[in-house]
Amino acid sequence: MQSLGKFRAAVNVPLMNDATHDERARVSRMHNKDERVIIIAPVGQDAEAMAGLLDAQGFETQICNGSDEYSRQITDRAGALLLTEEALESPQGSLVLDAVKAQPPWSELPLIILTSGGESRRAGLLNLAAAAAGSVTLLERPVSTVTLMRSVQVALRSRRRQYQVRDLVAQLANLNQTLERRVAKRTAEAVEQAKKLRLLSAELSLAEETERRRIAEMLHEDLQQLLVAARMQLAALCRTQDAAQREAIAREIAEVLERSFKLTRSLSVELAPPVLYEHGLAAALEWLAAETRKNYNVEVIIEADSLANPKAADVRIFLFRAVRELLLNSLKHAGGSAVHITMQYGRPDKVCIIVADDGPGFDPNSLNDKRTGSQTVGLLNIRERVSGFGGKFHIDSGPKRGTRITLSLPRGSDT
């Protein structure tokens with residue numbers, strides 16, 4: 001057993017002047033509690049001697065006296081464990097090793113063991129300690145000041161690297177949690193978007209079916225009836241010999257055919273207005289406004305800049321159908337108020353269309369309501385299509401303050 005006297009004689013403790021003391025005090029303040037050196041030396045005054053020596057060199061130390069302190073002190077911000085062979089060979093040695101084994105995965109608390117035994121004893125201590133700790137340093141007593149200081153410095157440098165690993169592991173865990181939250185949020189948004197798209201798809205299919213039925217009814221109730229009447233009159237013409245009667249029947253047939261021609265032309269223009277393909281979107285909007293005034297007796301004010309005409313055919317067709325949908329919405333919900341349609345050129349190379357009315361308005365947030373109605377389904381469809389073209393869709397509306405809907409799309413390339 002190395003006595004206190006022998007321990008002190010074995011180390012060189014230089015005298016400190018005022019400048020050296022101030023410098024070591026500054027170094028001491030630089031050390032944080034995470035680099036505290038835990039000292040376990042149950043025999044004699046070795047613990048106090050080592051603590052005094054390390055304290056004088058600016059290290060943070062903590063003497064651990066009782067077995068009840070082992071686990072708490074070793075796992076609570078310990079930078080290194082400095083102990084004597086007597087501590088490991090005592091009945092409480094297993095408690096020390098158990099506390100070292102209980103470290104988290106990132107931690108390998110450095111052990112510095114002072115021994116005065118032979119080669120076989122050193123090997124036994126090394127095997128015993130290595131089973132619990134990953135970094136073990138054996139120092140043969142008597143130990144010089146330089147050797148002890150260097151060993152503690154090396155142990156603390158190793159511990160700092162472990163703290164870096166700990167911090168990186170914590171950052172990685174936080175990043176993983178953040179990523180998981182983002183993935184969960186994006187997944188929820190994707191699921192919600194898929195629900196909306198399914199709803200839109202169902203509504204679009206219903207709208208297409210309704211349009212097909214309307215066209216079929218128009219063909220059956222109007223055009224077919226006219227053609228049947230023309231066929232019957234043609235048969236009567238064939239049976240009639242009187243010239244005056246034949247002339248009257250021929251005039252009736254001509255009138256029926258003229259009505260049939262107007263009906264088919266009206267239907268074809270409604271489905272695909274030639275003015276849109278021949279003269280562009282501005283002219284098509286002027287035509288749409290005139291047709292709306294004539295058919296619905298509602299004032300429609302149009303201001304369309306021909307310089308803003310979309311160059312891409314798909315953009316022209318979509319915007320025409322979107323404006324017609326918005327115009328029909330205004331006619332249905334705005335209570336007969338005037339509708340203003342504006343088409344402007346926007347930079348860089350965009351077309352901006354505004355459809356506004358002075359009707360009762362509505363809450364734009366209802367677009368995101370799952371219990372959506374037919375009006376909002378049409379607006380949702382337009383919004384999704386605008387997004388698909390890389391454009392912007394904006395609604396400025398509210399109860400009792402009208403509605404102003406803005407569509408801004410790239411004009412596209414010539415097609």
# chains A, B, ... in the order shown; residues from 1 in each chain; ligands from 1
>>> select_by_dssp(residues="range 121-299 of chain A", states="strand (DSSP E or B)", output="number ranges by chain")
A: 136-140
>>> write_last_selection(atoms="C-alpha atoms", output="short mmCIF file (atom, residue, chain, number, x, y, z; two decimals), in the first residue's frame")
data_model
loop_
_atom_site.label_atom_id
_atom_site.label_comp_id
_atom_site.auth_asym_id
_atom_site.auth_seq_id
_atom_site.Cartn_x
_atom_site.Cartn_y
_atom_site.Cartn_z
CA VAL A 136 -8.05 1.75 -19.20
CA THR A 137 -4.68 3.27 -18.26
CA LEU A 138 -2.43 1.57 -15.64
CA LEU A 139 0.10 3.78 -13.83
CA GLU A 140 2.85 2.17 -11.78
#
>>> closest_residue(among="A:Leu288, A:Val146, A:Val351, A:Leu199", to="Leu380 in chain A", atoms="only C-alpha atoms")
A:Leu199
>>> closest_residue(among="A:Leu128, A:Arg401, A:Lys101, A:Tyr163", to="Asp34 in chain A", atoms="only C-alpha atoms")
A:Tyr163
>>> closest_residue(among="A:Glu325, A:Glu35, A:Glu291, A:Glu299", to="Arg157 in chain A", atoms="only C-alpha atoms")
A:Glu35
>>> residues_around(residues="Leu281 in chain A", least_positions_apart="4", cutoff="9 Å", atoms="only C-alpha atoms", output="list in words")
Val275, Leu276, Tyr277, Leu285, Glu286, Ala304, Ser306, Ala308, Asn309, Pro310, Arg316, Ile317, Leu319 and Phe320 of chain A
>>> write_last_selection(atoms="C-alpha atoms", output="compact mmCIF listing (two decimals), in the first residue's frame")
# COMPACT_ATOMS: atom_id res chain seq x y z
CA VAL A 275 -63.93 32.47 -82.31
CA LEU A 276 -61.67 31.02 -79.60
CA TYR A 277 -59.59 29.06 -82.12
CA LEU A 285 -64.49 36.40 -73.94
CA GLU A 286 -66.19 39.27 -75.80
CA ALA A 304 -59.84 42.14 -72.51
CA SER A 306 -55.58 41.28 -76.87
CA ALA A 308 -52.49 39.23 -73.11
CA ASN A 309 -53.82 36.42 -75.34
CA PRO A 310 -52.27 33.09 -74.25
CA ARG A 316 -56.56 29.37 -74.05
CA ILE A 317 -59.08 26.54 -73.88
CA LEU A 319 -59.10 29.81 -69.35
CA PHE A 320 -62.16 30.13 -71.58
>>> residues_around(residues="Ile112 in chain A", least_positions_apart="4", cutoff="12 Å", atoms="only C-alpha atoms", output="VMD selection string")
chain A and resid 37 to 41 79 to 85 87 to 88 125 to 126 129 to 130 133 to 140 143 147 to 156
>>> write_last_selection(atoms="C-alpha atoms", output="mmCIF file, in the first residue's frame")
data_model
loop_
_atom_site.group_PDB
_atom_site.id
_atom_site.type_symbol
_atom_site.label_atom_id
_atom_site.label_comp_id
_atom_site.auth_asym_id
_atom_site.auth_seq_id
_atom_site.Cartn_x
_atom_site.Cartn_y
_atom_site.Cartn_z
ATOM 1 C CA VAL A 37 -12.260 13.728 -12.420
ATOM 2 C CA ILE A 38 -13.839 11.240 -9.993
ATOM 3 C CA ILE A 39 -11.286 9.958 -7.450
ATOM 4 C CA ILE A 40 -11.768 6.671 -5.556
ATOM 5 C CA ALA A 41 -8.925 5.791 -3.187
ATOM 6 C CA GLY A 79 -14.935 13.109 -17.280
ATOM 7 C CA ALA A 80 -12.553 10.399 -16.007
ATOM 8 C CA LEU A 81 -12.307 7.905 -13.161
ATOM 9 C CA LEU A 82 -9.027 7.933 -11.177
ATOM 10 C CA LEU A 83 -8.764 5.072 -8.692
ATOM 11 C CA THR A 84 -6.237 2.918 -6.890
ATOM 12 C CA GLU A 85 -5.890 -0.845 -7.137
ATOM 13 C CA ALA A 87 -10.477 0.393 -4.707
ATOM 14 C CA LEU A 88 -10.923 -2.336 -7.321
ATOM 15 C CA LEU A 125 -6.416 -5.509 -13.012
ATOM 16 C CA LEU A 126 -6.429 -4.738 -16.734
ATOM 17 C CA ALA A 129 -11.360 -3.216 -15.652
ATOM 18 C CA ALA A 130 -11.428 -3.804 -19.428
ATOM 19 C CA ALA A 133 -14.626 0.111 -19.559
ATOM 20 C CA GLY A 134 -13.296 0.597 -23.043
ATOM 21 C CA SER A 135 -10.339 2.833 -22.075
ATOM 22 C CA VAL A 136 -8.053 1.746 -19.203
ATOM 23 C CA THR A 137 -4.685 3.274 -18.261
ATOM 24 C CA LEU A 138 -2.427 1.574 -15.642
ATOM 25 C CA LEU A 139 0.102 3.780 -13.828
ATOM 26 C CA GLU A 140 2.854 2.167 -11.779
ATOM 27 C CA VAL A 143 3.798 8.265 -10.196
ATOM 28 C CA THR A 147 2.785 11.305 -15.944
ATOM 29 C CA LEU A 148 -0.358 11.785 -13.857
ATOM 30 C CA MET A 149 -1.206 15.121 -15.519
ATOM 31 C CA ARG A 150 -0.650 13.753 -19.023
ATOM 32 C CA SER A 151 -2.748 10.672 -18.289
ATOM 33 C CA VAL A 152 -5.627 12.820 -17.006
ATOM 34 C CA GLN A 153 -5.347 15.163 -20.005
ATOM 35 C CA VAL A 154 -5.424 12.245 -22.464
ATOM 36 C CA ALA A 155 -8.414 10.736 -20.656
ATOM 37 C CA LEU A 156 -10.333 14.029 -20.757
#
>>> atom_distance(atom1="CA of Arg166 in chain A", atom2="CA of Gln57 in chain A")
27.3 Å
